[in-house]
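Student: Dropping in structure-v4.txt, which is compact mmCIF, C-alpha atoms:
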# COMPACT_ATOMS: atom_id res chain seq x y z
CA MET W 99 0.00 0.00 0.00
CA LYS W 100 2.83 2.38 0.87
CA LYS W 101 4.52 1.66 -2.46
CA ILE W 102 1.31 2.41 -4.35
CA LEU W 103 0.88 5.68 -2.43
CA ALA W 104 4.47 6.67 -3.22
CA VAL W 105 3.95 6.06 -6.92
CA VAL W 106 0.77 8.17 -6.87
CA LEU W 107 2.56 11.02 -5.12
CA VAL W 108 5.41 10.96 -7.65
CA LEU W 109 2.94 11.04 -10.54
CA CYS W 110 1.06 13.96 -8.97
CA LEU W 111 4.30 15.86 -8.49
CA ALA W 112 5.28 15.27 -12.13
CA VAL W 113 1.90 16.54 -13.33
CA SER W 114 2.19 19.58 -11.05
CA LEU W 115 5.64 20.51 -12.36
CA ALA W 116 4.52 20.10 -15.97
CA ALA W 117 1.57 22.38 -15.27
CA CYS W 118 3.94 25.17 -14.25
CA GLY W 119 4.48 25.79 -17.95
CA GLY W 120 0.79 26.53 -18.29
CA THR W 121 0.70 25.81 -22.05
CA THR W 122 -2.26 24.32 -23.85
CA GLY W 123 -2.33 21.76 -26.63
CA SER W 124 -0.17 18.66 -27.03
CA ASP W 125 2.56 20.41 -29.04
CA ASN W 126 2.95 23.22 -26.52
CA GLN W 127 2.89 20.77 -23.60
CA SER W 128 5.56 18.66 -25.28
CA THR W 129 7.73 21.74 -25.74
CA GLN W 130 7.30 22.73 -22.10
CA ASN W 131 8.06 19.20 -20.90
CA THR W 132 11.26 19.21 -22.94
CA GLN W 133 12.22 22.57 -21.41
CA ASP W 134 11.45 21.24 -17.93
CA THR W 135 13.70 18.21 -18.46
CA GLN W 136 16.54 20.36 -19.77
CA ASN W 137 16.08 22.88 -16.95
CA THR W 138 16.17 20.12 -14.32
CA GLN W 139 19.41 18.76 -15.75
CA GLN W 140 20.96 22.22 -15.86
CA SER W 141 19.84 23.07 -12.31
CA ALA W 142 21.48 19.87 -11.10
CA ALA W 143 24.71 20.99 -12.77
CA ALA W 144 24.42 24.35 -10.97
CA ASP W 145 24.49 22.58 -7.61
CA THR W 146 28.10 21.63 -8.31
CA GLY W 147 29.04 25.32 -8.49
CA ASP W 148 30.49 24.91 -11.97
CA THR W 149 27.85 26.97 -13.77
CA PHE W 150 26.12 30.34 -13.68
CA ILE W 151 22.39 29.78 -14.14
CA ILE W 152 20.31 32.41 -15.95
CA GLY W 153 16.53 32.12 -16.07
CA CYS W 154 14.84 33.41 -19.21
CA PRO W 155 11.05 33.71 -18.91
CA GLN W 156 9.54 34.84 -22.20
CA PRO W 157 6.22 34.42 -24.07
CA LEU W 158 6.96 31.32 -26.16
CA THR W 159 3.33 30.59 -27.03
CA GLY W 160 0.41 32.86 -27.82
CA THR W 161 0.23 36.22 -29.61
CA ASN W 162 3.73 37.31 -28.66
CA ALA W 163 5.50 33.98 -29.21
CA GLN W 164 7.64 35.32 -32.06
CA PRO W 165 9.17 38.20 -30.05
CA GLY W 166 9.63 35.85 -27.10
CA GLU W 167 11.47 33.30 -29.21
CA CYS W 168 13.74 36.02 -30.60
CA ALA W 169 14.59 37.11 -27.05
CA LEU W 170 15.33 33.57 -25.90
CA ASN W 171 17.48 32.91 -28.98
CA ALA W 172 19.54 36.02 -28.26
CA VAL W 173 20.10 35.00 -24.64
CA LYS W 174 21.26 31.55 -25.72
CA LEU W 175 23.53 33.07 -28.37
CA ALA W 176 25.15 35.38 -25.83
CA ALA W 177 25.61 32.47 -23.40
CA LYS W 178 27.30 30.43 -26.12
CA GLN W 179 29.63 33.31 -26.97
CA PHE W 180 30.47 33.87 -23.29
CA ASN W 181 31.20 30.18 -22.77
CA GLU W 182 33.49 30.06 -25.78
CA ASN W 183 35.51 32.80 -24.10
CA GLY W 184 35.72 31.41 -20.57
CA GLY W 185 32.16 32.03 -19.35
CA ILE W 186 31.35 34.63 -16.69
CA ASN W 187 34.05 34.91 -14.02
CA GLY W 188 35.22 31.45 -15.04
CA LYS W 189 31.76 29.86 -14.71
CA GLN W 190 30.01 28.34 -17.72
CA VAL W 191 26.61 29.91 -18.41
CA GLN W 192 23.47 27.76 -18.48
CA VAL W 193 20.17 29.21 -19.70
CA LEU W 194 16.90 27.90 -18.30
CA SER W 195 13.99 28.79 -20.59
CA TYR W 196 10.39 29.25 -19.45
CA ASP W 197 7.14 30.08 -21.23
CA ASP W 198 5.29 32.82 -19.33
CA GLN W 199 2.69 32.94 -22.15
CA GLY W 200 2.61 36.73 -21.76
CA LEU W 201 0.39 36.24 -18.69
CA PRO W 202 1.20 37.97 -15.36
CA GLU W 203 -0.20 35.10 -13.30
CA GLU W 204 2.00 32.60 -15.15
CA ALA W 205 5.00 34.87 -14.67
CA VAL W 206 4.44 34.74 -10.89
CA LYS W 207 4.28 30.94 -10.91
CA LEU W 208 7.49 30.70 -12.89
CA ALA W 209 9.28 33.25 -10.71
CA THR W 210 8.40 31.26 -7.59
CA ARG W 211 9.64 28.10 -9.22
CA MET W 212 12.91 29.64 -10.39
CA VAL W 213 13.65 31.08 -6.97
CA GLN W 214 12.56 28.14 -4.82
CA ALA W 215 13.38 25.13 -6.99
CA ASP W 216 15.69 25.90 -9.90
CA GLY W 217 18.41 27.92 -8.23
CA VAL W 218 18.65 30.65 -10.85
CA GLN W 219 21.29 33.33 -10.22
CA ALA W 220 20.08 35.99 -12.70
CA ILE W 221 16.99 36.70 -14.81
CA ILE W 222 16.66 38.04 -18.36
CA GLY W 223 13.00 38.73 -19.22
CA SER W 224 10.18 39.06 -19.84
CA CYS W 225 9.58 41.22 -22.92
CA ILE W 226 5.99 41.59 -21.67
CA SER W 227 6.05 44.43 -19.15
CA SER W 228 3.02 43.24 -17.19
CA CYS W 229 4.89 39.97 -16.54
CA VAL W 230 7.91 41.86 -15.21
CA LEU W 231 5.63 44.00 -13.05
CA SER W 232 3.92 40.96 -11.53
CA SER W 233 7.07 38.91 -10.90
CA GLY W 234 9.70 41.57 -10.17
CA LYS W 235 9.15 41.67 -6.41
CA ILE W 236 9.77 37.94 -6.15
CA TYR W 237 13.15 38.26 -7.84
CA ASN W 238 13.98 41.40 -5.91
CA ASP W 239 13.17 39.85 -2.54
CA ALA W 240 15.35 36.87 -3.44
CA LYS W 241 18.20 39.27 -4.34
CA ILE W 242 18.46 37.94 -7.89
CA PRO W 243 19.78 40.48 -10.46
CA THR W 244 17.01 40.85 -13.03
CA PHE W 245 16.95 42.59 -16.39
CA GLY W 246 13.40 43.08 -17.63
CA THR W 247 13.10 43.39 -21.40
CA GLY W 248 9.77 45.23 -21.65
CA THR W 249 9.61 48.96 -22.43
CA SER W 250 6.88 50.14 -20.04
CA PRO W 251 7.94 52.58 -17.29
CA THR W 252 5.72 50.91 -14.68
CA TRP W 253 7.92 48.14 -13.34
CA MET W 254 11.03 50.30 -12.98
CA ALA W 255 8.91 52.82 -11.07
CA GLU W 256 8.65 50.21 -8.28
CA GLY W 257 12.19 51.06 -7.23
CA TRP W 258 13.35 47.45 -6.88
CA GLU W 259 17.12 47.52 -6.25
CA TYR W 260 17.77 44.19 -7.99
CA VAL W 261 15.73 44.94 -11.13
CA PHE W 262 17.29 46.80 -14.07
CA ARG W 263 16.70 47.64 -17.72
CA ALA W 264 19.15 47.67 -20.64
CA CYS W 265 16.58 48.61 -23.29
CA GLN W 266 14.26 51.55 -23.92
CA ASN W 267 12.00 53.06 -21.29
CA ASN W 268 9.19 54.56 -23.36
CA ASP W 269 8.73 57.37 -20.86
CA PHE W 270 12.24 58.57 -21.76
CA ALA W 271 11.51 58.54 -25.51
CA LEU W 272 8.01 60.00 -25.65
CA PRO W 273 9.07 63.53 -24.61
CA LEU W 274 11.25 63.55 -27.73
CA VAL W 275 8.20 62.58 -29.80
CA VAL W 276 5.90 65.23 -28.33
CA ASN W 277 8.57 67.91 -28.66
CA LYS W 278 8.79 67.04 -32.36
CA LEU W 279 5.01 67.37 -32.72
CA LYS W 280 5.13 70.72 -30.99
CA ASP W 281 7.93 71.92 -33.29
CA LEU W 282 5.83 70.90 -36.30
CA GLY W 283 2.93 73.00 -35.06
CA ILE W 284 0.65 70.03 -34.46
CA THR W 285 -2.34 70.85 -32.25
CA LYS W 286 -4.53 67.75 -32.66
CA ALA W 287 -3.60 64.08 -32.10
CA ALA W 288 -5.59 60.84 -32.06
CA ILE W 289 -4.63 57.64 -30.22
CA PHE W 290 -4.95 53.96 -31.13
CA ALA W 291 -3.82 51.58 -28.38
CA GLY W 292 -3.78 48.09 -26.99
CA GLN W 293 -4.70 47.20 -23.41
CA ASP W 294 -1.42 45.67 -22.24
CA ASP W 295 0.70 47.39 -19.60
CA ALA W 296 3.19 48.99 -22.00
CA ALA W 297 0.43 50.24 -24.32
CA VAL W 298 -1.62 51.79 -21.51
CA ALA W 299 1.46 53.37 -19.93
CA GLY W 300 2.43 54.81 -23.32
CA VAL W 301 -1.03 56.36 -23.74
CA ASN W 302 -0.96 57.85 -20.26
CA THR W 303 2.43 59.46 -20.78
CA PHE W 304 1.63 60.66 -24.30
CA THR W 305 -1.66 62.16 -23.15
CA GLU W 306 -0.05 64.02 -20.24
CA LEU W 307 2.77 65.35 -22.42
CA CYS W 308 0.29 66.50 -25.06
CA LYS W 309 -1.72 68.32 -22.42
CA GLU W 310 1.41 70.14 -21.28
CA ALA W 311 2.25 70.99 -24.91
CA GLY W 312 -1.24 72.28 -25.71
CA ILE W 313 -2.03 69.39 -28.09
CA GLU W 314 -5.64 68.22 -28.07
CA ILE W 315 -6.42 64.48 -28.02
CA THR W 316 -9.28 64.24 -30.52
CA THR W 317 -10.11 60.61 -29.69
CA SER W 318 -8.51 57.64 -27.94
CA GLU W 319 -9.45 54.25 -29.39
CA SER W 320 -8.45 50.81 -28.09
CA TYR W 321 -8.72 47.17 -29.10
CA ALA W 322 -8.68 43.77 -27.40
CA GLU W 323 -5.74 41.44 -27.98
CA GLY W 324 -6.45 39.10 -30.87
CA ASN W 325 -8.65 41.58 -32.79
CA THR W 326 -7.69 42.18 -36.41
CA ASP W 327 -10.54 44.35 -37.70
CA PHE W 328 -10.03 47.94 -36.57
CA SER W 329 -12.39 49.57 -39.06
CA GLY W 330 -14.63 51.03 -36.35
CA GLN W 331 -11.72 52.56 -34.45
CA VAL W 332 -10.11 53.85 -37.65
CA ALA W 333 -13.36 55.52 -38.73
CA LYS W 334 -13.61 57.34 -35.40
CA ILE W 335 -9.96 58.40 -35.62
CA ILE W 336 -10.36 59.82 -39.13
CA ASN W 337 -13.65 61.53 -38.27
CA SER W 338 -11.91 63.30 -35.36
CA ASN W 339 -9.66 65.02 -37.94
CA PRO W 340 -6.25 64.57 -36.25
CA GLN W 341 -2.93 65.83 -37.61
CA VAL W 342 -1.07 62.84 -36.18
CA VAL W 343 -2.02 59.38 -34.92
CA PHE W 344 -0.15 57.91 -31.94
CA ILE W 345 -0.09 54.10 -32.16
CA SER W 346 0.56 52.44 -28.80
CA THR W 347 0.61 48.73 -29.65
CA PHE W 348 2.91 45.72 -29.65
CA GLY W 349 4.63 44.52 -32.84
CA PRO W 350 2.08 42.07 -34.34
CA THR W 351 -0.62 44.75 -34.52
CA GLN W 352 1.55 47.39 -36.23
CA PRO W 353 1.10 46.34 -39.87
CA LEU W 354 -2.63 45.74 -39.44
CA ILE W 355 -3.40 49.21 -38.12
CA ALA W 356 -1.03 50.83 -40.64
CA LYS W 357 -2.80 49.20 -43.59
CA GLN W 358 -6.27 49.95 -42.28
CA LEU W 359 -5.49 53.61 -41.55
CA ARG W 360 -4.20 54.07 -45.10
CA GLN W 361 -7.05 52.05 -46.68
CA PHE W 362 -9.64 54.24 -44.96
CA GLY W 363 -7.94 57.40 -46.23
CA TYR W 364 -5.66 58.64 -43.46
CA ASN W 365 -2.30 59.45 -45.08
CA GLY W 366 -0.89 61.77 -42.44
CA LEU W 367 1.87 61.38 -39.87
CA CYS W 368 1.88 58.50 -37.37
CA PHE W 369 4.14 57.84 -34.38
CA THR W 370 4.46 54.43 -32.73
CA LYS W 371 5.33 54.12 -29.03
CA ASP W 372 8.40 52.01 -29.89
CA LEU W 373 10.16 50.46 -32.88
CA TYR W 374 8.10 49.78 -36.00
CA GLN W 375 9.49 46.30 -36.68
CA VAL W 376 10.96 45.19 -40.00
CA ASP W 377 8.39 42.39 -40.31
CA ALA W 378 5.62 45.00 -39.96
CA LEU W 379 7.29 47.05 -42.71
CA ASN W 380 7.52 43.99 -44.96
CA VAL W 381 3.85 43.12 -44.40
CA ALA W 382 2.37 46.62 -44.64
CA GLY W 383 4.66 47.87 -47.41
CA ALA W 384 3.80 51.37 -48.63
CA ALA W 385 1.21 51.76 -45.87
CA SER W 386 4.20 52.10 -43.51
CA ASN W 387 5.40 55.32 -45.14
CA GLY W 388 5.06 58.31 -42.84
CA ILE W 389 5.28 56.24 -39.66
CA ALA W 390 7.91 57.49 -37.19
CA PHE W 391 9.27 56.41 -33.79
CA ALA W 392 11.96 57.27 -31.25
CA TYR W 393 14.24 54.30 -30.60
CA PRO W 394 17.89 53.33 -30.18
CA TYR W 395 18.15 50.91 -33.15
CA LEU W 396 16.45 49.25 -36.12
CA THR W 397 15.68 45.70 -37.24
CA TYR W 398 16.68 44.47 -40.70
CA SER W 399 15.65 42.08 -43.47
CA SER W 400 19.27 41.31 -44.34
CA VAL W 401 22.67 41.77 -42.71
CA ASP W 402 23.83 43.92 -45.64
CA GLU W 403 21.20 46.56 -44.82
CA CYS W 404 22.87 47.26 -41.48
CA ASP W 405 25.70 49.82 -41.39
CA ASP W 406 26.39 49.62 -37.64
CA PRO W 407 29.43 47.30 -37.17
CA PHE W 408 28.45 46.09 -33.69
CA ILE W 409 24.85 45.30 -34.66
CA LYS W 410 26.05 43.74 -37.92
CA GLU W 411 28.33 41.39 -35.99
CA PHE W 412 25.41 40.35 -33.79
CA LEU W 413 23.09 39.80 -36.76
CA THR W 414 25.72 37.74 -38.57
CA ALA W 415 26.15 35.50 -35.52
CA TYR W 416 22.39 35.22 -34.95
CA GLU W 417 21.79 34.23 -38.57
CA ALA W 418 24.60 31.68 -38.47
CA GLU W 419 23.13 30.16 -35.30
CA TYR W 420 19.43 30.13 -36.24
CA GLY W 421 19.33 30.43 -40.04
CA THR W 422 17.37 33.69 -39.97
CA LEU W 423 17.56 37.22 -38.65
CA PRO W 424 15.53 38.31 -35.60
CA VAL W 425 12.26 39.86 -36.72
CA SER W 426 11.76 41.51 -33.34
CA ASP W 427 14.00 43.92 -31.46
CA CYS W 428 13.24 41.82 -28.36
CA ALA W 429 16.35 39.92 -29.47
CA TYR W 430 18.37 43.13 -29.19
CA ARG W 431 16.91 43.92 -25.78
CA ALA W 432 17.77 40.47 -24.41
CA TYR W 433 21.25 40.38 -25.94
CA ASP W 434 22.10 43.80 -24.50
CA SER W 435 20.82 42.65 -21.11
CA MET W 436 23.24 39.73 -21.23
CA LEU W 437 26.12 42.05 -22.12
CA VAL W 438 25.35 44.33 -19.18
CA LEU W 439 24.91 41.38 -16.80
CA LYS W 440 28.33 40.03 -17.78
CA ALA W 441 29.91 43.48 -17.38
CA ALA W 442 28.40 43.78 -13.89
CA CYS W 443 29.63 40.35 -12.83
CA GLU W 444 33.12 41.18 -14.03
CA ALA W 445 33.05 44.58 -12.32
CA ALA W 446 31.99 42.88 -9.10
CA GLY W 447 34.59 40.15 -9.50
CA SER W 448 31.84 37.79 -8.36
CA ASN W 449 28.60 36.20 -9.52
CA ASP W 450 26.99 36.78 -6.12
CA GLY W 451 23.63 38.51 -6.57
CA GLU W 452 24.18 41.28 -4.05
CA ALA W 453 27.63 42.11 -5.41
CA VAL W 454 26.40 42.07 -9.02
CA ALA W 455 23.44 44.35 -8.26
CA LYS W 456 25.72 46.89 -6.59
CA ALA W 457 28.13 46.72 -9.54
CA VAL W 458 25.39 47.51 -12.07
CA GLY W 459 25.06 51.00 -10.60
CA THR W 460 28.74 51.68 -11.26
CA LEU W 461 28.65 50.75 -14.96
CA SER W 462 29.14 53.32 -17.72
CA GLY W 463 30.37 53.08 -21.28
CA VAL W 464 29.15 49.49 -21.68
CA GLN W 465 29.08 48.82 -25.42
CA THR W 466 25.76 47.29 -26.53
CA LEU W 467 23.59 47.14 -29.64
CA ALA W 468 21.78 50.24 -28.36
CA GLY W 469 25.08 52.10 -27.97
CA GLU W 470 26.98 52.83 -24.78
CA GLN W 471 24.92 52.27 -21.64
CA ASP W 472 25.31 54.28 -18.43
CA PHE W 473 23.78 53.08 -15.16
CA THR W 474 25.39 55.71 -12.93
CA LYS W 475 22.29 57.96 -12.89
CA GLY W 476 20.90 55.79 -10.09
CA ASP W 477 17.60 54.91 -11.78
CA GLY W 478 18.51 51.35 -12.83
CA GLU W 479 18.25 52.36 -16.49
CA GLY W 480 21.10 52.14 -18.98
CA LEU W 481 19.59 54.18 -21.84
CA HIS W 482 18.42 57.78 -21.71
CA GLU W 483 18.85 59.12 -25.28
CA PHE W 484 17.22 58.00 -28.53
CA ASN W 485 16.94 58.79 -32.24
CA ILE W 486 13.84 59.61 -34.26
CA PHE W 487 13.47 57.36 -37.31
CA VAL W 488 10.81 57.47 -40.01
CA ILE W 489 9.76 55.22 -42.89
CA ASP W 490 9.77 56.66 -46.41
CA ASP W 491 9.63 54.74 -49.71
CA GLU W 492 9.41 51.60 -47.54
CA LYS W 493 12.83 52.26 -46.02
CA TYR W 494 14.04 53.48 -42.63
CA MET W 495 15.79 56.83 -42.39
CA THR W 496 16.55 59.41 -39.71
CA TRP W 497 14.09 62.25 -39.29
CA ASN W 498 16.72 64.84 -40.27
CA THR W 499 17.40 62.99 -43.53
CA TRP W 500 13.68 62.74 -44.22
CA GLU W 501 12.99 66.47 -43.89
CA GLY W 502 12.85 68.18 -47.27
CA THR W 503 12.16 65.00 -49.25
CA ASP W 504 9.09 64.55 -51.44
CA GLY W 505 7.79 61.97 -48.96
CA TYR W 506 8.09 64.45 -46.12
CA GLN W 507 6.17 67.11 -48.07
CA ALA W 508 3.40 64.65 -48.94
CA VAL W 509 2.92 63.52 -45.34
CA MET W 510 3.00 67.07 -44.01
CA GLU W 511 0.36 68.10 -46.53
CA ALA W 512 -1.81 65.11 -45.60
CA SER W 513 -1.49 66.17 -41.96
CA GLY W 514 -2.56 69.70 -42.86
CA LEU W 515 0.82 71.18 -41.94
CA ASN W 516 1.70 72.79 -45.29
What would you get if you wrote out this structure as C-alpha cells?

Tutor:
Amino acid sequence: MKKILAVVLVLCLAVSLAACGGTTGSDNQSTQNTQDTQNTQQSAAADTGDTFIIGCPQPLTGTNAQPGECALNAVKLAAKQFNENGGINGKQVQVLSYDDQGLPEEAVKLATRMVQADGVQAIIGSCISSCVLSSGKIYNDAKIPTFGTGTSPTWMAEGWEYVFRACQNNDFALPLVVNKLKDLGITKAAIFAGQDDAAVAGVNTFTELCKEAGIEITTSESYAEGNTDFSGQVAKIINSNPQVVFISTFGPTQPLIAKQLRQFGYNGLCFTKDLYQVDALNVAGAASNGIAFAYPYLTYSSVDECDDPFIKEFLTAYEAEYGTLPVSDCAYRAYDSMLVLKAACEAAGSNDGEAVAKAVGTLSGVQTLAGEQDFTKGDGEGLHEFNIFVIDDEKYMTWNTWEGTDGYQAVMEASGLN
C-alpha cells in the first residue's frame, strides 16, 4: 500500500511541475516538458558550483511567441559566446527557458519556481512588461539580479534595487516625440492603443505630455488582444480630424493598423510608441510610409542593410546560429541585457547577486547594440537618449534625412501642416 501511495505522489508531483508551464495543446505541452527536463538537468549541474544559471522567462506561445522566441534565442547566443571565451568569471553559463505565455499570473508561478526550486542566479525577461511587473518583487526579494526586457515605465517605477533595464524606457523617448510634434505646429492628435501594460502606460504618458504641450487628443481608441478588424476605431480616428495618430501597440498589430489607416484614407503622420518592426514594414509595405518612432536601433531584413558594425556582428552571428535574422527587437533587448549582466559580474569580481546588483550601478560606457549604456544615474536604467526614425519609400531613415524630401512634403500636406 505504501509503495502504491508513493507512486501516486510521484505522478502527482510530475503533473504539477509540468503544469507550471501553463501551455495548452499537445505540441505546446511537449515543448514545455522538454524545457522542464533540460532545466532540471541544468539546475542539477548548478548545484556543483560549476555553472552560472540564468533564467529566461519569455512568451513562447500565444500572440507574442515570435518576439519571445527572438529574445530567448539572443540570450542563448550570448551564453554560447560567453562560454566560448571562458564564461562569466570562469563559470560556464546555463540558460533555463520558461514560457510565461505573456500572462502575469503565469510569470508569478514561474518566478516562484525559479527562486525556490531551480536555483537561478540571474533573470533576463520578460519582454511583456506586465509579466515583469507581476514577478519583479519575487526576484527582488530573493536578491536575484534581473533585467526586464519590456519597455513600459511601470515596473522600474517600483524602485526594486535588484531589477534593471538595458533597453528603452518609453517614458524617456516619448518627450522627444511630443517635442517634435510641438515643433511641427501640431495641435490635434488621435490615439490607437492596446490594453497591455506597456500600451496603456504609453497612452498615459503621451496624453499628459500633449496636455502640457497644448495638443488636443481628438479621440482615444483601443482594441482587445487578438482583434484584427479595426475599421470602427479607424473611422472614429479619421472623423476626429487629427494631424497625427499615436499608435501604442505591440509589434504584431503594427502592420494591421497601418494598412487599415491608409485604406480608410488617413495618409498623415503617425508615431508608434516604440520600434516599428521590419516584419511589420515587410507586411504593410507602402502603408508604412510616414510612420515614425523614437528608438535606439532598427531591425533588418538582411545583414547587408545594417551599417552599424556592432549590430552587424550580432546579426551575422544570430543568422549563423538560427538560419534567420531576428524579426523583433526583443532579441536586441535580451542580448544587451546579457552584455550588461556580464559586465556587472566582471566589475563585481563575483557572480553573487548582491555584489552584481551593486556593480550595475557603477557601470558606464558598456558597449551594446543600443550604444553605450550608463547606469550611474541611479535609476537602474542604462539608456536615456534616442533617435527619431521614419519610414519613407518603404525604407528606414533618420528624421533629419527625411525632412525636405518629397515623402516628407506629402505627409506634411496630408497632416494639414503645409

Student: Nearest to Asp269 in chain W among W:Glu452, W:Glu444, W:Asp427, W:Glu306, with distances taken over all atoms listed in the file: which residue is it?

Tutor: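 Of all the options, W:Glu306 lies closest to Asp269 in chain W.
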
Student: Just give me the gap between CA of Ala429 in chain W and CA of Pro407 in chain W in Å, one decimal is fine.

Tutor: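 Between CA of Ala429 in chain W and CA of Pro407 in chain W the gap works out to 16.9 Å.
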
Student: Tell me, as an NGL selection string, which residues lie within 10 Å of Pro251 in chain W, counting all atoms listed in the file; anything in the same chain fewer than 4 positions away does not count.

Tutor: :W and (227 or 231 or 255-256 or 266-270 or 295-296 or 299-300 or 303)

Student: Record the distance separating CA of Gly469 in chain W and CA of Gly257 in chain W, expressed in Å with one decimal.

Tutor: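 Those two atoms sit 24.4 Å apart.
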
Student: Using all atoms listed in the file, which of the listed residues (W:Glu411, W:Asp239, W:Asp491, W:Glu259) sits closest to Thr210 in chain W?

Tutor: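 Ranking W:Glu411, W:Asp239, W:Asp491, W:Glu259 by distance to Thr210 in chain W, first place goes to W:Asp239.
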
Student: Give me the residues near Val213 in chain W as a CSV table (one decimal) with C-alpha atoms, keeping the file's coordinate frame, where near means some atom within 12 Å (using all atoms listed in the file) and where sequence neighbours in that chain fewer than 2 positions away do not count.

Tutor:
chain,number,residue,atom,x,y,z
W,141,SER,CA,19.8,23.1,-12.3
W,151,ILE,CA,22.4,29.8,-14.1
W,152,ILE,CA,20.3,32.4,-16.0
W,153,GLY,CA,16.5,32.1,-16.1
W,206,VAL,CA,4.4,34.7,-10.9
W,207,LYS,CA,4.3,30.9,-10.9
W,208,LEU,CA,7.5,30.7,-12.9
W,209,ALA,CA,9.3,33.2,-10.7
W,210,THR,CA,8.4,31.3,-7.6
W,211,ARG,CA,9.6,28.1,-9.2
W,215,ALA,CA,13.4,25.1,-7.0
W,216,ASP,CA,15.7,25.9,-9.9
W,217,GLY,CA,18.4,27.9,-8.2
W,218,VAL,CA,18.6,30.6,-10.8
W,219,GLN,CA,21.3,33.3,-10.2
W,220,ALA,CA,20.1,36.0,-12.7
W,221,ILE,CA,17.0,36.7,-14.8
W,233,SER,CA,7.1,38.9,-10.9
W,234,GLY,CA,9.7,41.6,-10.2
W,235,LYS,CA,9.2,41.7,-6.4
W,236,ILE,CA,9.8,37.9,-6.2
W,237,TYR,CA,13.2,38.3,-7.8
W,238,ASN,CA,14.0,41.4,-5.9
W,239,ASP,CA,13.2,39.8,-2.5
W,240,ALA,CA,15.4,36.9,-3.4
W,241,LYS,CA,18.2,39.3,-4.3
W,242,ILE,CA,18.5,37.9,-7.9
W,243,PRO,CA,19.8,40.5,-10.5
W,244,THR,CA,17.0,40.8,-13.0

Student: In Å, how far is it from CA of Thr161 in chain W to CA of Met495 in chain W?

Tutor: 28.8 Å
